[in-house]
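**Q** Got a file for you: final_7.tsv, TSV, C-alpha atoms and all ligand atoms.
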```
chain	number	residue	atom	x	y	z
A	200	MET	CA	0.00	0.00	0.00
A	201	ARG	CA	1.37	3.44	-0.88
A	202	ARG	CA	2.25	5.68	2.03
A	203	ARG	CA	-0.11	8.61	2.64
A	204	ARG	CA	1.29	12.09	2.12
A	205	ALA	CA	0.89	14.42	5.10
A	206	ALA	CA	1.54	18.17	5.36
A	207	ILE	CA	1.83	20.36	8.44
A	208	VAL	CA	0.51	23.92	8.56
A	209	GLY	CA	2.06	26.00	11.35
A	210	THR	CA	5.38	24.79	12.75
A	211	GLY	CA	5.23	26.11	16.33
A	212	GLY	CA	4.90	24.34	19.67
A	213	ILE	CA	2.26	21.68	18.94
A	214	ALA	CA	3.53	20.82	15.44
A	215	GLY	CA	6.36	18.74	16.96
A	216	THR	CA	3.77	16.57	18.76
A	217	HIS	CA	2.02	15.95	15.43
A	218	ALA	CA	5.31	15.16	13.67
A	219	ARG	CA	6.36	12.73	16.42
A	220	ALA	CA	2.98	10.94	16.32
A	221	LEU	CA	3.10	10.73	12.51
A	222	ARG	CA	6.61	9.28	12.64
A	223	ALA	CA	5.23	6.42	14.75
A	224	TYR	CA	3.33	5.41	11.58
A	225	ALA	CA	6.24	5.87	9.17
A	226	ASP	CA	5.25	2.69	7.34
A	227	GLN	CA	1.89	4.27	6.47
A	228	VAL	CA	2.57	7.99	6.15
A	229	GLU	CA	5.33	10.39	5.16
A	230	ILE	CA	5.48	14.08	6.03
A	231	VAL	CA	6.10	15.61	2.62
A	232	ALA	CA	5.81	19.33	3.33
A	233	ALA	CA	5.19	22.12	5.84
A	234	THR	CA	4.29	25.78	5.74
A	235	ASP	CA	4.53	28.67	8.20
A	236	LEU	CA	4.31	32.45	7.93
A	237	ASP	CA	7.60	32.58	9.87
A	238	ALA	CA	10.32	31.45	7.44
A	239	GLY	CA	12.92	30.92	10.19
A	240	ARG	CA	10.64	28.66	12.22
A	241	LEU	CA	9.68	26.75	9.08
A	242	ALA	CA	13.34	26.18	8.18
A	243	ALA	CA	14.24	24.97	11.68
A	244	PHE	CA	11.24	22.63	11.88
A	245	THR	CA	11.65	21.08	8.44
A	246	SER	CA	15.38	20.52	9.12
A	247	GLN	CA	14.70	18.90	12.48
A	248	TRP	CA	12.08	16.52	11.07
A	249	GLU	CA	13.77	16.10	7.67
A	250	ILE	CA	10.72	17.31	5.76
A	251	PRO	CA	11.60	17.97	2.12
A	252	GLY	CA	8.90	20.50	1.10
A	253	ARG	CA	8.87	24.07	2.52
A	254	TYR	CA	6.26	26.57	1.35
A	255	PRO	CA	5.38	30.17	2.25
A	256	SER	CA	1.62	29.47	2.15
A	257	LEU	CA	-0.86	26.61	2.27
A	258	GLY	CA	-2.03	27.51	-1.24
A	259	ASP	CA	1.50	27.04	-2.64
A	260	LEU	CA	1.91	23.80	-0.69
A	261	LEU	CA	-1.35	22.29	-1.94
A	262	ALA	CA	-0.67	23.26	-5.53
A	263	ALA	CA	2.74	21.57	-5.48
A	264	GLU	CA	2.26	18.54	-3.23
A	265	GLN	CA	-1.37	17.27	-3.28
A	266	PRO	CA	-1.20	15.78	0.25
A	267	ASP	CA	-3.75	13.24	1.49
A	268	LEU	CA	-3.73	14.74	5.00
A	269	VAL	CA	-3.29	18.28	6.25
A	270	HIS	CA	-2.50	18.91	9.94
A	271	LEU	CA	-3.61	22.39	11.01
A	272	CYS	CA	-1.27	23.41	13.84
A	273	THR	CA	-1.91	27.14	13.58
A	274	PRO	CA	-3.65	29.33	16.17
A	275	PRO	CA	-7.42	28.70	16.06
A	276	GLY	CA	-8.22	31.90	14.12
A	277	ALA	CA	-6.24	30.57	11.15
A	278	HIS	CA	-8.00	27.18	11.01
A	279	ALA	CA	-11.17	28.39	9.33
A	280	ALA	CA	-9.23	30.38	6.73
A	281	ALA	CA	-7.31	27.24	5.77
A	282	VAL	CA	-10.36	25.08	5.15
A	283	PRO	CA	-11.38	26.56	1.75
A	284	ASP	CA	-7.74	26.19	0.63
A	285	ALA	CA	-7.70	22.58	1.74
A	286	ARG	CA	-10.80	21.44	-0.19
A	287	GLY	CA	-9.95	18.22	-2.01
A	288	VAL	CA	-7.66	17.00	0.75
A	289	ARG	CA	-8.89	13.60	2.02
A	290	ARG	CA	-8.49	14.35	5.75
A	291	ILE	CA	-7.86	17.49	7.78
A	292	SER	CA	-6.58	17.04	11.33
A	293	ALA	CA	-7.00	20.27	13.28
A	294	GLN	CA	-5.24	20.79	16.60
A	295	ALA	CA	-7.89	21.60	19.19
A	296	PRO	CA	-7.47	25.17	20.37
A	297	ARG	CA	-6.68	26.11	23.90
A	298	LEU	CA	-9.15	28.90	24.38
A	299	ALA	CA	-7.94	32.49	24.65
A	300	ARG	CA	-7.13	33.64	28.20
A	301	ASP	CA	-9.10	36.90	28.04
A	302	VAL	CA	-12.35	35.10	28.79
A	303	GLU	CA	-13.06	34.57	32.47
A	304	THR	CA	-15.28	31.55	31.84
A	305	GLU	CA	-12.06	29.62	31.32
A	306	ASP	CA	-10.73	30.40	34.75
A	307	VAL	CA	-13.54	28.65	36.55
A	308	SER	CA	-16.93	27.47	35.37
A	309	PHE	CA	-19.67	25.13	36.55
A	310	ALA	CA	-22.17	23.90	34.00
A	311	HIS	CA	-25.22	21.71	34.24
A	312	LEU	CA	-26.16	19.87	31.03
A	313	THR	CA	-29.35	17.98	30.25
A	314	PHE	CA	-29.17	15.70	27.23
A	315	ALA	CA	-32.05	14.90	24.90
A	316	ASN	CA	-32.37	11.39	26.37
A	317	GLY	CA	-32.72	12.76	29.91
A	318	ALA	CA	-29.16	12.03	31.09
A	319	VAL	CA	-27.66	14.85	33.14
A	320	ALA	CA	-24.07	15.99	33.54
A	321	SER	CA	-22.26	18.52	35.63
A	322	ILE	CA	-19.04	19.97	34.22
A	323	VAL	CA	-16.51	21.77	36.37
A	324	ASN	CA	-13.63	23.57	34.76
A	325	SER	CA	-10.96	25.27	36.83
A	326	VAL	CA	-7.48	26.53	36.12
A	327	LEU	CA	-7.36	27.72	39.72
A	328	SER	CA	-7.17	24.32	41.40
A	329	PRO	CA	-3.72	23.76	42.92
A	330	ARG	CA	-3.89	20.04	42.02
A	331	GLU	CA	-4.26	19.69	38.25
A	332	GLU	CA	-6.41	16.78	37.13
A	333	SER	CA	-8.88	15.66	34.52
A	334	TYR	CA	-11.56	13.63	36.28
A	335	LEU	CA	-14.52	11.99	34.56
A	336	ARG	CA	-17.17	10.06	36.42
A	337	PHE	CA	-19.99	8.17	34.75
A	338	ASP	CA	-22.79	6.81	36.92
A	339	PHE	CA	-24.80	4.07	35.24
A	340	ALA	CA	-27.51	1.85	36.75
A	341	GLY	CA	-25.08	-1.03	37.19
A	342	ALA	CA	-21.74	0.62	37.85
A	343	THR	CA	-19.71	3.78	38.32
A	344	LEU	CA	-16.85	4.32	35.87
A	345	GLU	CA	-14.15	6.84	36.71
A	346	LEU	CA	-11.18	8.18	34.79
A	347	SER	CA	-8.53	10.22	36.52
A	348	HIS	CA	-5.48	11.51	34.65
A	349	LEU	CA	-3.41	14.48	33.58
A	350	TYR	CA	-2.60	15.00	29.87
A	351	GLY	CA	-2.97	11.37	28.86
A	352	HIS	CA	-4.59	8.20	30.15
A	353	ARG	CA	-3.96	4.47	30.06
A	354	LEU	CA	-6.13	1.48	30.98
A	355	ASP	CA	-5.06	1.65	34.61
A	356	SER	CA	-6.30	5.28	34.80
A	357	TRP	CA	-9.86	3.87	34.91
A	358	THR	CA	-11.71	2.36	37.85
A	359	TYR	CA	-14.91	0.33	37.74
A	360	THR	CA	-17.21	0.01	40.75
A	361	PRO	CA	-20.23	-2.28	40.31
A	362	ALA	CA	-23.47	-1.36	42.05
A	363	PRO	CA	-24.61	-3.68	44.87
A	364	GLY	CA	-26.29	-6.65	43.25
A	365	PHE	CA	-24.50	-6.12	39.92
A	366	GLU	CA	-21.15	-7.65	40.94
A	367	GLN	CA	-21.64	-10.70	38.74
A	368	ASP	CA	-22.05	-8.44	35.65
A	369	ALA	CA	-18.69	-6.77	36.13
A	370	PRO	CA	-16.36	-7.32	33.16
A	371	PRO	CA	-12.70	-8.23	33.84
A	372	TRP	CA	-11.17	-4.94	34.96
A	373	PRO	CA	-9.01	-3.41	33.64
A	374	PRO	CA	-9.89	-4.91	30.24
A	375	SER	CA	-7.23	-7.03	28.59
A	376	GLY	CA	-5.86	-6.31	25.13
A	377	GLU	CA	-3.40	-3.97	23.56
A	378	GLU	CA	-2.60	-0.87	25.62
A	379	VAL	CA	-2.96	2.25	23.46
A	380	PRO	CA	-2.29	5.32	25.62
A	381	SER	CA	-4.38	8.38	24.74
A	382	GLY	CA	-2.86	11.18	22.69
A	383	HIS	CA	-2.11	12.23	19.14
A	384	GLN	CA	-0.59	8.85	18.25
A	385	ALA	CA	-3.76	6.96	19.22
A	386	GLN	CA	-5.93	9.42	17.28
A	387	PHE	CA	-3.77	9.25	14.16
A	388	GLY	CA	-3.80	5.45	14.34
A	389	GLU	CA	-7.61	5.49	14.12
A	390	LEU	CA	-7.43	8.02	11.28
A	391	PHE	CA	-5.08	5.84	9.21
A	392	ALA	CA	-7.17	2.74	9.90
A	393	SER	CA	-10.24	4.59	8.57
A	394	LEU	CA	-8.37	5.64	5.44
A	395	ARG	CA	-7.12	2.09	4.92
A	396	ASP	CA	-10.60	0.61	5.38
A	397	GLY	CA	-12.33	3.28	3.27
A	398	ARG	CA	-14.69	4.30	6.10
A	399	ARG	CA	-15.41	7.56	7.84
A	400	PRO	CA	-13.16	8.16	10.89
A	401	ALA	CA	-14.63	7.83	14.39
A	402	ALA	CA	-14.30	11.59	14.95
A	403	THR	CA	-16.06	13.37	12.09
A	404	GLY	CA	-17.03	16.98	11.61
A	405	ALA	CA	-20.59	16.17	12.69
A	406	GLY	CA	-19.44	14.55	15.94
A	407	LEU	CA	-16.99	17.31	16.75
A	408	ARG	CA	-19.68	19.87	16.07
A	409	ARG	CA	-21.72	18.44	18.96
A	410	THR	CA	-18.74	18.89	21.28
A	411	LEU	CA	-18.29	22.46	20.08
A	412	GLU	CA	-22.00	23.08	20.56
A	413	SER	CA	-21.70	22.02	24.21
A	414	VAL	CA	-18.71	24.30	24.77
A	415	THR	CA	-20.45	27.18	22.97
A	416	GLY	CA	-23.58	26.65	25.07
A	417	ILE	CA	-21.53	26.84	28.29
A	418	TYR	CA	-19.96	30.11	27.17
A	419	ALA	CA	-23.28	31.56	26.03
A	420	SER	CA	-24.92	30.65	29.34
A	421	ALA	CA	-22.02	32.11	31.34
A	422	PHE	CA	-22.12	35.39	29.42
A	423	THR	CA	-25.88	35.84	29.36
A	424	GLY	CA	-26.70	34.29	32.74
A	425	ARG	CA	-29.45	32.28	31.03
A	426	ARG	CA	-30.27	28.68	30.33
A	427	VAL	CA	-29.22	27.87	26.76
A	428	THR	CA	-30.73	25.21	24.51
A	429	ARG	CA	-29.13	23.64	21.49
A	430	ASP	CA	-31.82	25.14	19.23
A	431	GLY	CA	-30.64	28.63	20.19
A	432	LEU	CA	-27.10	28.09	18.90
A	433	THR	CA	-27.78	28.96	15.28
A	434	ALA	CA	-25.81	31.18	12.92
A	435	ASP	CA	-27.68	34.29	14.07
A	436	SER	CA	-26.36	33.86	17.64
A	437	PRO	CA	-23.24	35.95	18.34
A	438	PHE	CA	-21.81	32.97	20.27
A	439	TYR	CA	-21.94	30.86	17.12
A	440	HIS	CA	-19.05	32.91	15.74
A	441	ARG	CA	-17.10	33.96	18.85
A	442	LEU	CA	-17.21	32.15	22.16
A	443	ASN	CA	-17.43	35.42	24.07
A	444	GLY	CA	-20.25	36.60	21.80
A	445	SER	CA	-18.38	39.70	20.71
A	446	PRO	CA	-18.54	41.12	17.19
A	447	ALA	CA	-15.64	39.97	14.99
A	448	SER	CA	-14.02	43.42	14.95
A	449	ARG	CA	-13.69	43.50	18.74
A	450	ALA	CA	-12.21	40.00	18.86
A	451	ARG	CA	-9.58	40.99	16.29
A	452	THR	CA	-8.62	43.95	18.48
A	453	VAL	CA	-8.15	41.66	21.47
A	454	ILE	CA	-5.88	39.32	19.52
A	455	ARG	CA	-3.75	42.24	18.27
A	456	ARG	CA	-3.32	43.63	21.76
A	457	ARG	CA	-2.23	40.26	23.13
A	458	SER	CA	0.43	39.53	20.49
B	501	LIG	N1	1.54	23.86	22.35
B	501	LIG	C1	0.69	23.04	22.99
B	501	LIG	O1	1.07	22.25	23.88
B	501	LIG	C2	-0.78	23.00	22.63
B	501	LIG	C3	-1.60	22.11	23.33
B	501	LIG	C4	-2.95	22.04	22.99
B	501	LIG	C5	-3.45	22.85	21.99
B	501	LIG	N2	-2.63	23.71	21.33
B	501	LIG	C6	-3.22	24.54	20.27
B	501	LIG	O2	-2.50	24.36	19.05
B	501	LIG	C7	-2.57	25.56	18.27
B	501	LIG	C8	-1.17	26.02	17.94
B	501	LIG	O3	-0.48	26.23	19.17
B	501	LIG	P1	1.09	26.35	19.28
B	501	LIG	O4	1.40	26.26	20.73
B	501	LIG	O5	1.74	25.37	18.35
B	501	LIG	O6	1.28	27.85	18.74
B	501	LIG	P2	2.62	28.53	18.17
B	501	LIG	O7	2.39	29.99	18.21
B	501	LIG	O8	3.83	27.95	18.87
B	501	LIG	O9	2.68	28.04	16.65
B	501	LIG	C9	1.73	28.43	15.68
B	501	LIG	C10	2.47	28.60	14.37
B	501	LIG	O10	1.51	28.84	13.34
B	501	LIG	C11	2.07	29.80	12.46
B	501	LIG	N3	0.97	30.42	11.71
B	501	LIG	C12	0.04	31.30	12.15
B	501	LIG	N4	-0.84	31.58	11.17
B	501	LIG	C13	-0.46	30.86	10.09
B	501	LIG	C14	-0.96	30.72	8.77
B	501	LIG	N5	-2.05	31.40	8.36
B	501	LIG	N6	-0.31	29.90	7.90
B	501	LIG	C15	0.79	29.23	8.31
B	501	LIG	N7	1.31	29.31	9.54
B	501	LIG	C16	0.70	30.12	10.42
B	501	LIG	C17	2.83	30.76	13.36
B	501	LIG	O11	3.80	31.50	12.62
B	501	LIG	C18	3.46	29.78	14.37
B	501	LIG	O12	4.74	29.33	13.95
B	501	LIG	C19	-3.35	26.57	19.14
B	501	LIG	O13	-4.70	26.49	18.77
B	501	LIG	C20	-3.16	26.03	20.54
B	501	LIG	O14	-4.17	26.46	21.40
B	501	LIG	C21	-1.30	23.81	21.61
```
As structure tokens, how would this structure be written, given the file I've shared?
Ligand SMILES: NC(=O)c1ccc[n+]([C@@H]2O[C@H](COP(=O)([O-])OP(=O)(O)OC[C@H]3O[C@@H](n4cnc5c(N)ncnc54)[C@H](O)[C@@H]3O)[C@@H](O)[C@H]2O)c1
**A**
Amino acid sequence: MRRRRAAIVGTGGIAGTHARALRAYADQVEIVAATDLDAGRLAAFTSQWEIPGRYPSLGDLLAAEQPDLVHLCTPPGAHAAAVPDARGVRRISAQAPRLARDVETEDVSFAHLTFANGAVASIVNSVLSPREESYLRFDFAGATLELSHLYGHRLDSWTYTPAPGFEQDAPPWPPSGEEVPSGHQAQFGELFASLRDGRRPAATGAGLRRTLESVTGIYASAFTGRRVTRDGLTADSPFYHRLNGSPASRARTVIRRRS
């Protein structure tokens, strides 16, 4: 099978993580080119990772290289601009943004979500907690599942507690099988498997949109002090375009001041 051709857009901090994860699949993919507005950074990155193609813009890169995959490792504001350029590319992998620090909702927030099927969730986000942790807890009728980790989890990061009377239903825990720690490498592995099998990847635009809708709803509720429903997050909502609900011109001003 021919190796897929990958390109990296933006060669700053997170691009190295993408390059390292791609190299773990060197039998399936080669990094053929990269682009960055900063020529010095581009030169250093492509030398370090021995990437042959260097281009001043994504348009030039796409015209010359026709990659199968494009990894967007630019700041979030540049992602959307790249998408029209990247039409025709088989897969786009966009680095999830860390949200801008100007917005206080990021410092600490408590959200209560009700899903269409009646399930409820509470979400606590805090950058103020002295002990950093990602903690997920799922309470089902027959068991509680918990995941506790920081920047990456493995099988032994999970615990399983059966409800009284459900002990006999408990699966072997932790599950046996190949250990695939979370992270870029695990995600790219799934992406390549989907390309190989000719199926849609597990994380599609439609699925990611639901995640973004939840995040947008939390911001909209925090800024307006109101309960927000999914139906209200349409293109005529200011929060649909900017998480702080500000007009585009004001958001641009904030970005300029911070740089
Ligand atoms: N660094 C991390 O650990 C980390 C972790 C999680 C998420 N992220 C997210 O990844 C994204 C990138 O972060 P980073 O830390 O790598 O930033 P960075 O500033 O180190 O690198 C971004 C690079 O993109 C380039 N760039 C900007 N606009 C461009 C364009 N239009 N075309 C080509 N290149 C362009 C910049 O010149 C810069 O070299 C952000 O959304 C960030 O929130 C980063």
**Q** In Å, how far is it from CA of Gly212 (chain A) to atom C2 of ligand LIG 501 (chain B)?
**A** 6.5 Å
**Q** Would you list the residues that come within 6 Å of ligand LIG 501 (chain B)? Count only C-alpha atoms and all ligand atoms and give the answer as an MDAnalysis selection string.
**A** chainID A and resid 208:214 234:237 272:275 277 294:297
**Q** Convert the current residue selection to file output with C-alpha atoms, as an mmCIF file, in the coordinates of the input.
**A**
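Result written to result-v6.cif:
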```
data_model
loop_
_atom_site.group_PDB
_atom_site.id
_atom_site.type_symbol
_atom_site.label_atom_id
_atom_site.label_comp_id
_atom_site.auth_asym_id
_atom_site.auth_seq_id
_atom_site.Cartn_x
_atom_site.Cartn_y
_atom_site.Cartn_z
ATOM 1 C CA VAL A 208 0.510 23.920 8.560
ATOM 2 C CA GLY A 209 2.060 26.000 11.350
ATOM 3 C CA THR A 210 5.380 24.790 12.750
ATOM 4 C CA GLY A 211 5.230 26.110 16.330
ATOM 5 C CA GLY A 212 4.900 24.340 19.670
ATOM 6 C CA ILE A 213 2.260 21.680 18.940
ATOM 7 C CA ALA A 214 3.530 20.820 15.440
ATOM 8 C CA THR A 234 4.290 25.780 5.740
ATOM 9 C CA ASP A 235 4.530 28.670 8.200
ATOM 10 C CA LEU A 236 4.310 32.450 7.930
ATOM 11 C CA ASP A 237 7.600 32.580 9.870
ATOM 12 C CA CYS A 272 -1.270 23.410 13.840
ATOM 13 C CA THR A 273 -1.910 27.140 13.580
ATOM 14 C CA PRO A 274 -3.650 29.330 16.170
ATOM 15 C CA PRO A 275 -7.420 28.700 16.060
ATOM 16 C CA ALA A 277 -6.240 30.570 11.150
ATOM 17 C CA GLN A 294 -5.240 20.790 16.600
ATOM 18 C CA ALA A 295 -7.890 21.600 19.190
ATOM 19 C CA PRO A 296 -7.470 25.170 20.370
ATOM 20 C CA ARG A 297 -6.680 26.110 23.900
#
```
**Q** Kindly give the distance, in Å, that separates CA of Ser321 (chain A) and CA of Arg441 (chain A), rounded to a single decimal.
**A**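 A separation of 23.4 Å between them.
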**Q** Write out as a PDB file with C-alpha atoms, keeping the file's coordinate frame the residues lying within 9 Å of Ala342 (chain A), counting only C-alpha atoms and excluding same-chain residues fewer than 5 positions away.
**A**
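The result, written out as out-v7.pdb:
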```pdb
ATOM      1  CA  PHE A 337     -19.990   8.170  34.750  1.00  0.00           C
ATOM      2  CA  TYR A 359     -14.910   0.330  37.740  1.00  0.00           C
ATOM      3  CA  THR A 360     -17.210   0.010  40.750  1.00  0.00           C
ATOM      4  CA  PRO A 361     -20.230  -2.280  40.310  1.00  0.00           C
ATOM      5  CA  ALA A 362     -23.470  -1.360  42.050  1.00  0.00           C
ATOM      6  CA  PRO A 363     -24.610  -3.680  44.870  1.00  0.00           C
ATOM      7  CA  PHE A 365     -24.500  -6.120  39.920  1.00  0.00           C
ATOM      8  CA  GLU A 366     -21.150  -7.650  40.940  1.00  0.00           C
ATOM      9  CA  ALA A 369     -18.690  -6.770  36.130  1.00  0.00           C
TER      10      ALA A 369
END
```
**Q** Take CA of Asp259 (chain A) and CA of Leu407 (chain A) and report the distance between them in Å, one decimal.
**A**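 About the pair CA of Asp259 (chain A) and CA of Leu407 (chain A): they are 28.5 Å apart.
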**Q** Please provide the set of residues having any atom within 12 Å of Leu394 (chain A), restricted to all atoms listed in the file, with same-chain residues fewer than 5 positions apart removed, written as a PDB file with C-alpha atoms, keeping the file's coordinate frame.
**A**
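Output file result_34.pdb follows:
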```
ATOM      1  CA  MET A 200       0.000   0.000   0.000  1.00  0.00           C
ATOM      2  CA  ARG A 201       1.370   3.440  -0.880  1.00  0.00           C
ATOM      3  CA  ARG A 202       2.250   5.680   2.030  1.00  0.00           C
ATOM      4  CA  ARG A 203      -0.110   8.610   2.640  1.00  0.00           C
ATOM      5  CA  GLN A 227       1.890   4.270   6.470  1.00  0.00           C
ATOM      6  CA  VAL A 228       2.570   7.990   6.150  1.00  0.00           C
ATOM      7  CA  ASP A 267      -3.750  13.240   1.490  1.00  0.00           C
ATOM      8  CA  LEU A 268      -3.730  14.740   5.000  1.00  0.00           C
ATOM      9  CA  ARG A 289      -8.890  13.600   2.020  1.00  0.00           C
ATOM     10  CA  ARG A 290      -8.490  14.350   5.750  1.00  0.00           C
ATOM     11  CA  PHE A 387      -3.770   9.250  14.160  1.00  0.00           C
ATOM     12  CA  GLY A 388      -3.800   5.450  14.340  1.00  0.00           C
ATOM     13  CA  GLU A 389      -7.610   5.490  14.120  1.00  0.00           C
ATOM     14  CA  ARG A 399     -15.410   7.560   7.840  1.00  0.00           C
ATOM     15  CA  PRO A 400     -13.160   8.160  10.890  1.00  0.00           C
ATOM     16  CA  ALA A 401     -14.630   7.830  14.390  1.00  0.00           C
TER      17      ALA A 401
END
```
